[in-house]
$ cat my_file30.txt   # compact mmCIF, C-alpha atoms
# COMPACT_ATOMS: atom_id res chain seq x y z
CA MET A 1 12.31 -19.42 11.87
CA ASN A 2 11.32 -21.86 14.64
CA ASP A 3 7.80 -22.45 15.96
CA THR A 4 8.25 -20.13 18.93
CA SER A 5 9.42 -17.32 16.69
CA GLN A 6 6.55 -18.04 14.32
CA ASP A 7 3.98 -17.83 17.16
CA SER A 8 5.53 -14.68 18.47
CA MET A 9 5.49 -13.10 15.02
CA MET A 10 1.83 -14.04 14.59
CA GLU A 11 1.03 -12.21 17.81
CA SER A 12 3.00 -9.23 16.55
CA VAL A 13 0.77 -9.10 13.48
CA ALA A 14 -2.07 -7.84 15.72
CA LEU A 15 0.22 -5.18 17.16
CA TYR A 16 1.19 -4.16 13.64
CA ALA A 17 -2.45 -3.91 12.59
CA LEU A 18 -3.19 -1.70 15.59
CA GLY A 19 -0.12 0.45 14.91
CA VAL A 20 1.70 0.04 18.22
CA LEU A 21 5.04 -1.27 16.97
CA PRO A 22 8.15 0.90 16.80
CA ARG A 23 9.63 1.42 13.33
CA GLU A 24 12.26 -1.31 13.25
CA GLU A 25 9.92 -3.93 14.61
CA ALA A 26 7.15 -2.81 12.27
CA ALA A 27 9.43 -3.32 9.27
CA LEU A 28 10.24 -6.86 10.41
CA VAL A 29 6.58 -7.74 10.89
CA ALA A 30 5.74 -6.24 7.50
CA ALA A 31 8.36 -8.54 6.00
CA PHE A 32 6.85 -11.47 7.86
CA ILE A 33 3.37 -10.60 6.53
CA ALA A 34 4.76 -10.33 3.02
CA ASN A 35 6.23 -13.81 3.37
CA ASN A 36 3.45 -15.67 5.14
CA ASP A 37 -0.04 -16.16 3.73
CA GLU A 38 -1.59 -17.00 7.12
CA ALA A 39 -0.10 -13.83 8.59
CA ARG A 40 -1.43 -11.83 5.67
CA ARG A 41 -4.97 -13.12 6.22
CA GLU A 42 -4.74 -12.40 9.93
CA TYR A 43 -3.40 -8.93 9.23
CA LEU A 44 -6.18 -8.03 6.83
CA ASP A 45 -8.82 -9.25 9.29
CA LEU A 46 -7.41 -7.39 12.25
CA ARG A 47 -6.59 -4.31 10.24
CA ALA A 48 -10.26 -4.01 9.32
CA ALA A 49 -11.16 -3.98 13.02
CA ALA A 50 -8.37 -1.50 13.80
CA ASP A 51 -9.50 0.81 11.00
CA ALA A 52 -13.04 0.73 12.34
CA LEU A 53 -11.70 1.95 15.70
CA ALA A 54 -10.99 5.35 14.19
CA LEU A 55 -14.70 5.93 13.74
CA SER A 56 -15.19 6.01 17.50
CA ALA A 57 -13.40 9.39 17.50
CA ASP A 58 -16.10 10.91 15.31
CA GLU A 59 -17.80 13.29 17.71
CA PRO A 60 -19.36 16.75 17.41
CA VAL A 61 -16.90 19.63 17.13
CA ASP A 62 -17.62 22.98 18.73
CA SER A 63 -19.52 24.90 16.05
CA ALA A 64 -17.37 28.03 16.30
CA ARG A 65 -14.18 26.01 15.90
CA SER A 66 -15.66 24.01 13.06
CA ALA A 67 -16.72 27.18 11.22
CA ARG A 68 -13.35 28.84 11.81
CA MET A 69 -11.42 25.87 10.43
CA LYS A 70 -13.70 25.65 7.43
CA GLU A 71 -13.43 29.36 6.69
CA ARG A 72 -9.63 29.22 6.71
CA LEU A 73 -9.51 26.14 4.53
CA MET A 74 -12.08 27.27 2.02
CA ALA A 75 -10.42 30.66 1.60
CA ARG A 76 -7.26 28.86 0.49
CA VAL A 77 -9.06 26.31 -1.61
CA ARG A 78 -11.21 28.83 -3.48
CA SER A 79 -8.22 31.02 -4.12
CA ASP A 80 -6.24 28.03 -5.34
CA ALA A 81 -9.09 26.77 -7.48
CA ALA A 82 -9.34 30.22 -9.03
CA GLY A 83 -5.64 30.05 -9.88
CA GLY A 84 -4.61 32.73 -7.41
CA THR A 85 -0.91 32.82 -6.67
CA ALA A 86 -1.64 33.75 -3.08
CA ALA A 87 -2.91 30.26 -2.49
CA LEU A 88 0.50 28.79 -3.17
CA ARG A 89 2.07 30.89 -0.46
CA ARG A 90 -0.73 30.03 1.94
CA ARG A 91 -0.49 26.36 1.10
CA THR A 92 3.19 26.42 1.96
CA ALA A 93 2.30 28.07 5.22
CA ALA A 94 -0.28 25.41 5.93
CA SER A 95 2.30 22.66 5.79
CA TYR A 96 3.83 23.83 9.07
CA PRO A 97 2.02 23.43 12.37
CA ALA A 98 0.92 26.47 14.32
CA TRP A 99 3.51 25.97 17.03
CA LEU A 100 6.26 26.30 14.44
CA TRP A 101 4.62 29.35 12.93
CA GLY A 102 4.39 30.71 16.42
CA THR A 103 8.16 30.45 16.61
CA GLY A 104 8.50 32.12 13.22
CA LEU A 105 6.16 34.92 14.18
CA ALA A 106 8.01 35.36 17.44
CA ALA A 107 11.23 35.71 15.49
CA ALA A 108 9.59 38.21 13.13
CA ALA A 109 8.28 40.18 16.05
CA ALA A 110 11.74 40.11 17.57
CA ILE A 111 13.15 41.54 14.35
CA VAL A 112 10.90 44.59 14.46
CA PHE A 113 11.44 45.12 18.15
CA SER A 114 15.20 44.90 17.93
CA VAL A 115 15.36 47.50 15.14
CA VAL A 116 13.53 49.99 17.34
CA THR A 117 15.47 49.39 20.49
CA VAL A 118 18.88 48.28 19.28
CA ALA A 119 20.58 51.32 20.73
CA GLN A 120 19.07 50.68 24.11
CA ASP A 121 19.59 46.96 24.54
CA VAL A 122 22.12 45.14 22.42
CA ASN A 123 21.20 41.90 24.17
CA LEU A 124 18.17 41.73 21.92
CA ARG A 125 20.48 40.98 19.01
CA GLY A 126 21.66 37.89 20.77
CA GLN A 127 18.09 36.88 21.54
CA LEU A 128 17.12 37.43 17.94
CA ALA A 129 19.99 35.29 16.70
CA GLN A 130 19.04 32.62 19.19
CA ALA A 131 15.40 32.72 18.10
CA GLN A 132 16.44 32.48 14.46
CA ASN A 133 18.76 29.57 15.21
CA THR A 134 16.01 27.82 17.15
CA ASN A 135 13.63 28.40 14.28
CA ALA A 136 16.11 27.03 11.73
CA ASN A 137 16.86 24.01 13.90
CA LEU A 138 13.18 23.25 14.37
CA ARG A 139 12.59 23.46 10.63
CA THR A 140 15.52 21.15 9.94
CA GLN A 141 14.33 18.69 12.55
CA LEU A 142 10.79 18.79 11.17
CA ALA A 143 12.04 18.21 7.62
CA GLN A 144 14.19 15.25 8.74
CA ASN A 145 11.28 13.75 10.64
CA ASP A 146 9.06 14.16 7.61
CA ARG A 147 11.60 12.47 5.33
CA VAL A 148 12.12 9.49 7.62
CA ALA A 149 8.41 9.11 8.27
CA SER A 150 7.67 9.32 4.57
CA GLN A 151 10.24 6.62 3.69
CA ASN A 152 8.98 4.40 6.46
CA ARG A 153 5.37 4.90 5.38
CA ARG A 154 6.23 4.07 1.78
CA THR A 155 8.09 0.88 2.69
CA LEU A 156 5.34 -0.45 4.93
CA THR A 157 2.71 0.41 2.34
CA ASP A 158 4.59 -1.21 -0.53
CA LEU A 159 5.35 -4.45 1.32
CA VAL A 160 1.71 -5.26 1.98
CA ALA A 161 0.13 -3.60 -1.06
CA ALA A 162 -2.23 -5.76 -3.10
CA ASP A 163 -0.72 -4.59 -6.40
CA ALA A 164 2.89 -5.33 -5.46
CA LYS A 165 4.74 -7.95 -7.52
CA VAL A 166 6.11 -10.65 -5.25
CA TYR A 167 8.91 -13.02 -6.24
CA GLN A 168 9.76 -16.05 -4.12
CA VAL A 169 13.46 -16.39 -3.36
CA THR A 170 15.60 -18.39 -0.95
CA GLY A 171 15.09 -16.86 2.49
CA GLY A 172 12.02 -14.80 1.64
CA ARG A 173 10.59 -12.68 -1.13
CA VAL A 174 11.51 -9.83 -3.40
CA VAL A 175 8.74 -7.23 -3.52
CA VAL A 176 8.51 -4.75 -6.39
CA ARG A 177 6.02 -1.92 -6.52
CA GLY A 178 6.36 0.94 -8.96
CA ASP A 179 9.91 2.26 -8.85
CA LYS A 180 10.70 0.57 -5.55
CA ALA A 181 12.18 -2.88 -4.91
CA TYR A 182 12.62 -4.55 -1.56
CA PHE A 183 14.17 -7.67 -0.16
CA ALA A 184 11.76 -8.94 2.51
CA LEU A 185 13.75 -11.78 4.00
CA SER A 186 12.78 -13.76 7.05
CA ASN A 187 14.86 -16.91 6.97
CA LEU A 188 18.47 -16.03 6.19
CA PRO A 189 21.23 -18.27 7.54
CA PRO A 190 23.49 -16.63 10.14
CA LEU A 191 26.67 -15.02 8.85
CA ALA A 192 30.23 -15.95 9.74
CA LYS A 193 32.27 -13.26 11.49
CA GLY A 194 33.50 -10.61 9.09
CA LYS A 195 30.82 -11.38 6.51
CA VAL A 196 27.76 -9.45 5.36
CA TYR A 197 24.98 -10.02 2.90
CA GLN A 198 25.22 -7.93 -0.25
CA ALA A 199 22.44 -7.15 -2.71
CA TRP A 200 23.07 -6.99 -6.45
CA THR A 201 21.03 -5.53 -9.26
CA GLN A 202 21.28 -6.18 -12.97
CA PRO A 203 20.06 -3.36 -15.21
CA LYS A 204 17.71 -4.44 -17.99
CA GLY A 205 19.71 -5.43 -21.04
CA ALA A 206 22.97 -5.71 -19.09
CA THR A 207 24.91 -8.90 -18.48
CA LYS A 208 26.74 -8.00 -15.28
CA MET A 209 25.48 -7.51 -11.78
CA VAL A 210 25.96 -4.12 -10.14
CA PRO A 211 26.88 -4.04 -6.43
CA SER A 212 24.20 -2.65 -4.15
CA VAL A 213 23.79 -2.32 -0.40
CA THR A 214 25.28 -4.59 2.26
CA PHE A 215 23.39 -5.57 5.39
CA THR A 216 23.24 -7.92 8.35
CA PRO A 217 19.93 -9.58 9.30
CA ASP A 218 18.72 -9.78 12.89
CA ALA A 219 19.15 -12.84 15.11
CA ASP A 220 16.09 -14.50 13.53
CA GLY A 221 17.44 -14.04 10.02
CA VAL A 222 15.01 -11.24 9.24
CA ALA A 223 15.87 -8.19 7.13
CA VAL A 224 13.90 -5.63 5.14
CA ILE A 225 16.02 -3.86 2.56
CA ALA A 226 14.91 -1.11 0.20
CA LEU A 227 17.18 -1.27 -2.84
CA PRO A 228 18.52 2.19 -3.72
CA VAL A 229 17.68 1.90 -7.41
CA ASP A 230 14.77 2.63 -9.74
CA ALA A 231 13.16 -0.81 -9.93
CA ARG A 232 11.68 -0.07 -13.36
CA GLY A 233 15.18 -0.36 -14.86
CA VAL A 234 16.16 -3.56 -13.07
CA GLY A 235 16.05 -6.89 -14.89
CA ALA A 236 17.30 -9.13 -12.10
CA VAL A 237 18.42 -9.05 -8.48
CA ALA A 238 20.69 -11.28 -6.45
CA LEU A 239 22.01 -11.78 -2.97
CA SER A 240 25.37 -13.14 -1.86
CA VAL A 241 27.58 -13.35 1.20
CA GLU A 242 30.58 -11.04 0.96
CA PRO A 243 33.38 -9.70 3.16
CA GLU A 244 32.49 -6.69 5.32
CA GLY A 245 32.50 -3.55 3.22
CA GLY A 246 31.10 -5.41 0.22
CA SER A 247 32.60 -6.51 -3.07
CA LYS A 248 32.70 -5.13 -6.59
CA ALA A 249 31.70 -8.53 -7.98
CA PRO A 250 30.18 -11.55 -6.20
CA THR A 251 32.84 -13.69 -4.54
CA SER A 252 30.54 -16.51 -3.37
CA THR A 253 27.74 -18.60 -4.79
CA PRO A 254 24.68 -16.32 -4.66
CA THR A 255 21.99 -17.08 -2.06
CA PHE A 256 19.57 -16.34 -4.88
CA VAL A 257 19.38 -14.82 -8.33
CA ARG A 258 15.92 -13.71 -9.45
CA GLN A 259 14.78 -12.37 -12.80
CA LEU A 260 12.14 -9.65 -12.47
CA SER A 261 9.38 -9.69 -15.05
CA MET B 262 -19.83 3.21 -2.12
CA ASP B 263 -18.12 5.41 0.46
CA PRO B 264 -19.26 8.93 -0.58
CA GLY B 265 -15.74 10.15 0.08
CA VAL B 266 -14.48 8.15 -2.89
CA ARG B 267 -16.81 9.94 -5.30
CA LEU B 268 -15.99 13.32 -3.80
CA MET B 269 -12.26 12.65 -4.14
CA GLU B 270 -12.72 12.08 -7.85
CA ARG B 271 -14.14 15.60 -8.08
CA VAL B 272 -11.45 17.06 -5.83
CA ARG B 273 -8.87 15.74 -8.30
CA ALA B 274 -10.60 17.94 -10.87
CA ARG B 275 -10.13 20.93 -8.51
CA ASP B 276 -13.80 21.08 -7.52
CA ALA B 277 -13.94 23.32 -4.43
CA ALA B 278 -17.56 22.38 -3.72
CA ALA B 279 -16.60 18.72 -3.53
CA PHE B 280 -13.80 19.58 -1.15
CA GLU B 281 -16.24 21.52 1.01
CA ALA B 282 -18.53 18.50 1.12
CA LEU B 283 -15.59 16.32 2.14
CA TYR B 284 -14.74 18.73 4.92
CA ASP B 285 -18.35 18.81 6.12
CA GLY B 286 -18.53 15.03 6.10
CA TYR B 287 -15.22 14.11 7.68
CA HIS B 288 -13.73 16.99 9.69
CA ARG B 289 -15.31 15.76 12.91
CA LEU B 290 -13.55 12.43 12.50
CA VAL B 291 -10.17 14.00 11.70
CA PHE B 292 -10.43 16.54 14.51
CA GLY B 293 -11.56 13.81 16.90
CA ILE B 294 -8.56 11.60 16.09
CA GLY B 295 -6.24 14.59 16.55
CA LEU B 296 -7.83 15.54 19.85
CA ARG B 297 -7.67 12.05 21.28
CA MET B 298 -4.07 11.55 20.20
CA LEU B 299 -2.67 14.98 20.99
CA GLY B 300 -4.95 16.01 23.84
CA ASP B 301 -4.91 19.65 22.77
CA PRO B 302 -7.69 21.32 20.74
CA THR B 303 -5.27 23.79 19.14
CA LEU B 304 -2.97 21.02 17.94
CA ALA B 305 -5.99 19.02 16.78
CA GLU B 306 -7.10 22.05 14.79
CA ASP B 307 -3.66 22.35 13.18
CA LEU B 308 -3.79 18.67 12.35
CA THR B 309 -7.23 19.01 10.77
CA GLN B 310 -6.03 21.91 8.64
CA ASN B 311 -2.96 19.97 7.53
CA VAL B 312 -4.85 16.80 6.70
CA PHE B 313 -7.46 18.59 4.60
CA MET B 314 -4.83 20.68 2.84
CA LYS B 315 -3.11 17.42 1.94
CA VAL B 316 -6.42 16.18 0.57
CA TRP B 317 -6.68 19.31 -1.58
CA THR B 318 -3.07 19.69 -2.68
CA ALA B 319 -2.21 16.00 -3.13
CA PRO B 320 -5.45 14.17 -3.95
CA ASP B 321 -3.54 11.52 -5.90
CA ALA B 322 -2.15 10.27 -2.59
CA PHE B 323 -5.52 8.58 -2.19
CA ARG B 324 -5.30 5.54 -4.44
CA GLY B 325 -8.71 4.06 -3.85
CA GLY B 326 -10.23 1.82 -1.21
CA SER B 327 -12.07 3.31 1.73
CA PHE B 328 -11.70 7.09 1.96
CA VAL B 329 -12.64 7.02 5.65
CA ALA B 330 -9.97 4.44 6.44
CA TRP B 331 -7.43 6.39 4.41
CA VAL B 332 -8.12 9.80 5.91
CA SER B 333 -8.16 8.27 9.39
CA ARG B 334 -4.72 6.81 8.82
CA VAL B 335 -3.44 10.08 7.37
CA ALA B 336 -4.73 11.84 10.50
CA ARG B 337 -3.18 9.28 12.81
CA ASN B 338 0.17 9.40 11.02
CA ARG B 339 0.13 13.21 11.10
CA ALA B 340 -0.54 13.09 14.84
CA LEU B 341 2.46 10.77 15.23
CA ASP B 342 4.53 13.30 13.25
CA THR B 343 3.46 15.97 15.71
CA LEU B 344 4.43 13.80 18.65
CA ARG B 345 7.84 13.22 17.05
CA ALA B 346 8.32 16.93 16.32
CA LYS B 347 7.44 17.84 19.88
CA ALA B 348 10.08 15.30 20.94
CA VAL B 349 8.29 14.64 24.17
CA ARG B 350 9.30 11.00 23.94
CA PRO B 351 12.26 9.12 22.42
CA GLU B 352 11.69 8.04 18.82
CA ALA B 353 11.79 4.37 19.83
CA GLU B 354 8.70 4.91 21.98
CA ILE B 355 6.61 6.32 19.14
CA PRO B 356 4.95 3.74 16.89
CA ALA B 357 5.65 3.40 13.20
CA ASP B 358 3.24 5.05 10.80
CA LEU B 359 0.35 3.01 9.50
CA PRO B 360 0.47 2.06 5.81
CA LEU B 361 -1.93 4.24 3.86
CA GLU B 362 -3.20 1.55 1.57
CA GLY B 363 -4.90 -1.71 2.23
CA ALA B 364 -7.25 -4.23 0.80
CA LEU B 365 -10.45 -2.99 2.40
CA ASP B 366 -13.45 -2.59 0.16
CA ASP B 367 -14.48 0.99 -0.30
CA ASP B 368 -17.93 0.33 1.11
CA VAL B 369 -16.78 -1.23 4.38
CA PHE B 370 -17.12 1.98 6.30
CA ALA B 371 -20.34 2.96 4.60
CA ARG B 372 -21.94 0.25 6.74
CA LEU B 373 -20.45 1.51 9.97
CA ASP B 374 -20.97 4.53 12.15
CA ALA B 375 -19.36 5.90 15.28
CA GLN B 376 -22.06 4.66 17.62
CA ARG B 377 -21.94 1.13 16.27
CA VAL B 378 -18.17 1.01 16.80
CA ARG B 379 -18.48 2.48 20.29
CA ASP B 380 -21.11 -0.17 21.11
CA ALA B 381 -18.81 -2.92 19.86
CA LEU B 382 -15.94 -1.51 21.91
CA ALA B 383 -18.13 -1.40 24.99
CA LYS B 384 -18.71 -5.15 24.68
CA LEU B 385 -15.00 -5.90 25.03
CA PRO B 386 -13.58 -6.84 28.43
CA PRO B 387 -12.19 -3.63 30.00
CA GLU B 388 -8.61 -4.92 30.00
CA GLN B 389 -8.77 -5.53 26.23
CA ARG B 390 -10.65 -2.34 25.42
CA GLY B 391 -8.28 -0.20 27.48
CA LEU B 392 -5.17 -1.52 25.74
CA ILE B 393 -6.69 -1.23 22.28
CA GLU B 394 -7.91 2.32 22.75
CA MET B 395 -4.72 3.45 24.47
CA GLY B 396 -2.69 1.83 21.70
CA PHE B 397 -4.66 3.28 18.80
CA PHE B 398 -5.23 6.78 20.15
CA GLY B 399 -2.36 7.09 22.60
CA GLY B 400 0.40 7.01 20.01
CA VAL B 401 2.41 4.62 22.17
CA THR B 402 4.17 1.33 21.51
CA HIS B 403 3.26 -2.02 23.01
CA GLN B 404 6.23 -1.78 25.37
CA GLU B 405 4.91 1.53 26.63
CA LEU B 406 1.44 0.02 27.00
CA ALA B 407 2.93 -2.74 29.14
CA ARG B 408 4.78 -0.20 31.27
CA ARG B 409 1.81 2.12 31.75
CA THR B 410 -0.58 -0.65 32.67
CA ASP B 411 2.00 -2.66 34.63
CA THR B 412 1.13 -5.69 32.52
CA PRO B 413 3.57 -8.31 31.14
CA LEU B 414 4.40 -7.74 27.48
CA GLY B 415 3.12 -11.17 26.48
CA THR B 416 -0.22 -10.45 28.15
CA VAL B 417 -0.45 -7.14 26.31
CA LYS B 418 0.10 -8.91 22.99
CA THR B 419 -2.49 -11.57 23.73
CA ARG B 420 -5.10 -9.10 24.95
CA ILE B 421 -4.69 -6.89 21.91
CA ARG B 422 -4.92 -9.81 19.52
CA ASN B 423 -7.96 -11.30 21.25
CA GLY B 424 -9.58 -7.89 21.59
CA LEU B 425 -9.18 -7.05 17.90
CA ARG B 426 -10.57 -10.47 16.98
CA ARG B 427 -13.60 -9.97 19.23
CA LEU B 428 -14.10 -6.48 17.88
CA ARG B 429 -14.09 -7.79 14.36
CA GLU B 430 -16.57 -10.53 15.27
CA SER B 431 -18.78 -8.01 17.03
CA LEU B 432 -18.82 -5.75 14.01
CA GLY B 433 -19.58 -8.86 11.99
CA GLU B 434 -19.63 -8.80 8.28
CA ARG B 435 -19.64 -5.04 8.28
CA VAL B 436 -15.87 -5.18 8.34
CA SER B 437 -15.55 -8.19 6.09
CA ARG B 438 -12.95 -7.82 3.39

$ encode --input "my_file30.txt" --output "C-alpha cells"
Amino acid sequence: MNDTSQDSMMESVALYALGVLPREEAALVAAFIANNDEARREYLDLRAAADALALSADEPVDSARSARMKERLMARVRSDAAGGTAALRRRTAASYPAWLWGTGLAAAAAIVFSVVTVAQDVNLRGQLAQAQNTNANLRTQLAQNDRVASQNRRTLTDLVAADAKVYQVTGGRVVVRGDKAYFALSNLPPLAKGKVYQAWTQPKGATKMVPSVTFTPDADGVAVIALPVDARGVGAVALSVEPEGGSKAPTSTPTFVRQLS
Amino acid sequence: MDPGVRLMERVRARDAAAFEALYDGYHRLVFGIGLRMLGDPTLAEDLTQNVFMKVWTAPDAFRGGSFVAWVSRVARNRALDTLRAKAVRPEAEIPADLPLEGALDDDVFARLDAQRVRDALAKLPPEQRGLIEMGFFGGVTHQELARRTDTPLGTVKTRIRNGLRRLRESLGERVSR
C-alpha cells in the first residue's frame, strides 16, 4: 500500500468509527485497522467520540407512549420470568416489526372476510393469495437481511475485538476469535490473469492441508475473508496462488503458512 | 461503573425488576435514536420494543464494556435493519452495522450526559457538526452525505475526521479509553 492509499485509509478510519461506510468498504477498513497499530489507536479514539454522540438523542419521551411501551414489555417479561409458555409466543411476535405484523394481520383479516363473502366476490381469493405471497416474500426478505447483517456485524466485531488472537503473516494478519477465523490482508501482490488466491486449513492433528475458499483482492491488495470452518479445530492455515476454480492441493509456493496456537 | 452493567448481570439471572430498571434508565435513549434515524414515532416504538426484548431474551449478547455504548449500537444497527427492510434506498447506500464490542471502559459513559454531549456538539463548526449528526443519525453513507450537502467527498472525509477529533477533545478525558 502506497502513502496515498495509506493516508486515504487513515481518513476512512474516521468514517468507519462514525458508521457511514457501506459494507464492502467497512470490511476493508476493518482489515486495515486490524493490520495497522496507528489506525487502531485512531479508531479507538474516534469511536469513543462517536459513541458519545448517541447520548445526544436521549430526550424525554411522551409519558403515555413510555408507559404503553413499558406495559407491553413488562407483561412479556413477567410472564417469561414466571415460566409461562405464552411468553415464548409473544417473544417470537416481538421479533417482527409492527409494519410486518400489520401485513400479517391484514392477511388474517382477509382470510375471515373471504370466507364470508366468497360466493359474492371470487376476486377476494386472488387478493388473499396476493397478500399471503407478499407476506411470505417480506418475511423471506427480512430473514435474509437479518442473516447478512448478522454475519457482517460478527465479522466487523471480531476483526477489531480486544480478545481476538492475531497472527502476523505475509500480506497482513490472520485473526482468530472463538470459532471464527479470518484473513485480514491488506498488501497482497496482484494476481496474474487466470489466477486466484486460495486459502487452506489444516485440521489439528492432520498432516495435509484442506482446500478452502478462493478469492481475488481489490486493486490495493486488500481482502477480508471469513474462513468457512470452525477455527477451534484448525491447527494451521495457509494461502497460495492457484488457477481459477481452485486446486485440491497447493500447486505453488504458499504466500504464507501459519500455525495457530 | 455504568449502572447498566450491574443490571445486566441480574437480567442474565432472569430478574424482571432489573430489566424494568434498565428500561426506565435507557428507553429514552433507545427511543430517541430510533426516532432520529427513522423519523417515525411508531417505528421508533417498534425499535425500542425489539431492542429491549433482545436485552431480555439474549442478555449474553452483551459481553461487557459500556452498556450505554452497547445498547446505543444495538439500537442504531436495528434502525439500519429497518431501513434495509423498508428498501427505501439501495443496499449500497445504507452503512454497514457498527461492531457491538469495543475497548471502551465501562465507566466512560457514567461521566457523560446528554446535555454535556449536546454542548460539545454545539461547539463544533456547523459544517462539521452537520455532517457528523447526519452521518450518525441519518443512516447514510459518506457518499450520500457528499451528495446531500453538495460537498466533495474528500472534504466530507476531512470534516468528519476533524469534527470527531474536536468532539473528543471537547469531551476531554471523559471519553478517554

$ closest_residue --input "my_file30.txt" --among "A:Ser63, A:Glu38, A:Glu25, A:Val169" --to "B:Gln404" --atoms "all atoms listed in the file"
A:Glu25

$ closest_residue --input "my_file30.txt" --among "B:Val335, B:Leu296, B:Leu290, B:Met269" --to "chain A" --atoms "all atoms listed in the file"
B:Leu290

$ closest_atom_pairs --input "my_file30.txt" --of "chain A" --to "chain B" --cutoff "7 Å" --atoms "only C-alpha atoms" --output "tab-separated table"
residue	atom	partner	partner_atom	distance
A:Glu11	CA	B:Lys418	CA	6.2
A:Ala14	CA	B:Arg422	CA	5.1
A:Leu15	CA	B:Lys418	CA	6.9
A:Leu18	CA	B:Phe397	CA	6.1
A:Gly19	CA	B:Leu359	CA	6.0
A:Val20	CA	B:Thr402	CA	4.3
A:Leu21	CA	B:Pro356	CA	5.0
A:Pro22	CA	B:Pro356	CA	4.3
A:Arg23	CA	B:Ala357	CA	4.4
A:Ala26	CA	B:Ala357	CA	6.5
A:Leu46	CA	B:Leu425	CA	5.9
A:Ala48	CA	B:Val436	CA	5.8
A:Ala49	CA	B:Arg429	CA	5.0
A:Ala50	CA	B:Leu425	CA	6.9
A:Asp51	CA	B:Ala330	CA	5.8
A:Ala52	CA	B:Val378	CA	6.8
A:Leu53	CA	B:Val378	CA	6.6
A:Ala54	CA	B:Ser333	CA	6.3
A:Leu55	CA	B:Ala375	CA	4.9
A:Ser56	CA	B:Ala375	CA	4.7
A:Ala57	CA	B:Gly293	CA	4.8
A:Asp58	CA	B:Leu290	CA	4.1
A:Glu59	CA	B:Arg289	CA	5.9
A:Pro60	CA	B:Arg289	CA	6.1
A:Val61	CA	B:Arg289	CA	5.9
A:Met69	CA	B:Gln310	CA	6.9
A:Leu73	CA	B:Gln310	CA	6.8
A:Val77	CA	B:Ala277	CA	6.4
A:Arg78	CA	B:Ala277	CA	6.2
A:Ala81	CA	B:Arg275	CA	6.0
A:Ala94	CA	B:Asn311	CA	6.3
A:Ser95	CA	B:Asn311	CA	6.2
A:Pro97	CA	B:Asp307	CA	5.8
A:Ala98	CA	B:Asp307	CA	6.3
A:Leu142	CA	B:Ala346	CA	6.0
A:Arg153	CA	B:Pro360	CA	5.7
A:Leu156	CA	B:Pro360	CA	5.5
A:Thr157	CA	B:Pro360	CA	4.4
A:Ala161	CA	B:Gly363	CA	6.3
A:Ala162	CA	B:Ala364	CA	6.5

$ residues_around --input "my_file30.txt" --residues "A:Ala231" --least-positions-apart "6" --cutoff "10 Å" --atoms "all atoms listed in the file" --output "number ranges by chain"
A: 176-182, 201, 203-204, 237, 260

$ closest_residue --input "my_file30.txt" --among "B:Ala282, B:Ala305, B:Val316, B:Leu414" --to "A:Lys70" --atoms "all atoms listed in the file"
B:Ala282

$ residues_around --input "my_file30.txt" --residues "A:Arg258" --least-positions-apart "5" --cutoff "12 Å" --atoms "only C-alpha atoms" --output "VMD selection string"
chain A and resid 166 to 170 172 to 175 183 199 to 202 209 234 to 239

$ atom_distance --input "my_file30.txt" --atom1 "atom CA of B:Thr412" --atom2 "atom CA of B:Glu388"
10.1 Å

$ build_atoms --input "my_file30.txt" --residues "stretch 277-288 of chain B" --atoms "N, CA and C atoms" --output "short mmCIF file (atom, residue, chain, number, x, y, z; two decimals), in the coordinates of the input"
data_model
loop_
_atom_site.label_atom_id
_atom_site.label_comp_id
_atom_site.auth_asym_id
_atom_site.auth_seq_id
_atom_site.Cartn_x
_atom_site.Cartn_y
_atom_site.Cartn_z
N ALA B 277 -13.95 22.81 -5.80
CA ALA B 277 -13.94 23.32 -4.43
C ALA B 277 -15.20 22.90 -3.68
N ALA B 278 -16.31 22.80 -4.39
CA ALA B 278 -17.56 22.38 -3.72
C ALA B 278 -17.45 20.95 -3.20
N ALA B 279 -16.79 20.10 -3.98
CA ALA B 279 -16.60 18.72 -3.53
C ALA B 279 -15.70 18.68 -2.29
N PHE B 280 -14.68 19.53 -2.31
CA PHE B 280 -13.80 19.58 -1.15
C PHE B 280 -14.57 20.04 0.09
N GLU B 281 -15.44 21.02 -0.12
CA GLU B 281 -16.24 21.52 1.01
C GLU B 281 -17.13 20.41 1.56
N ALA B 282 -17.69 19.62 0.67
CA ALA B 282 -18.53 18.50 1.12
C ALA B 282 -17.70 17.47 1.88
N LEU B 283 -16.48 17.24 1.41
CA LEU B 283 -15.59 16.32 2.14
C LEU B 283 -15.30 16.84 3.54
N TYR B 284 -15.01 18.13 3.61
CA TYR B 284 -14.74 18.73 4.92
C TYR B 284 -15.96 18.56 5.83
N ASP B 285 -17.12 18.91 5.30
CA ASP B 285 -18.35 18.81 6.12
C ASP B 285 -18.56 17.38 6.61
N GLY B 286 -18.25 16.43 5.76
CA GLY B 286 -18.53 15.03 6.10
C GLY B 286 -17.51 14.39 7.03
N TYR B 287 -16.28 14.87 7.00
CA TYR B 287 -15.22 14.11 7.68
C TYR B 287 -14.38 14.92 8.66
N HIS B 288 -14.62 16.24 8.81
CA HIS B 288 -13.73 16.99 9.69
C HIS B 288 -13.89 16.60 11.15
#
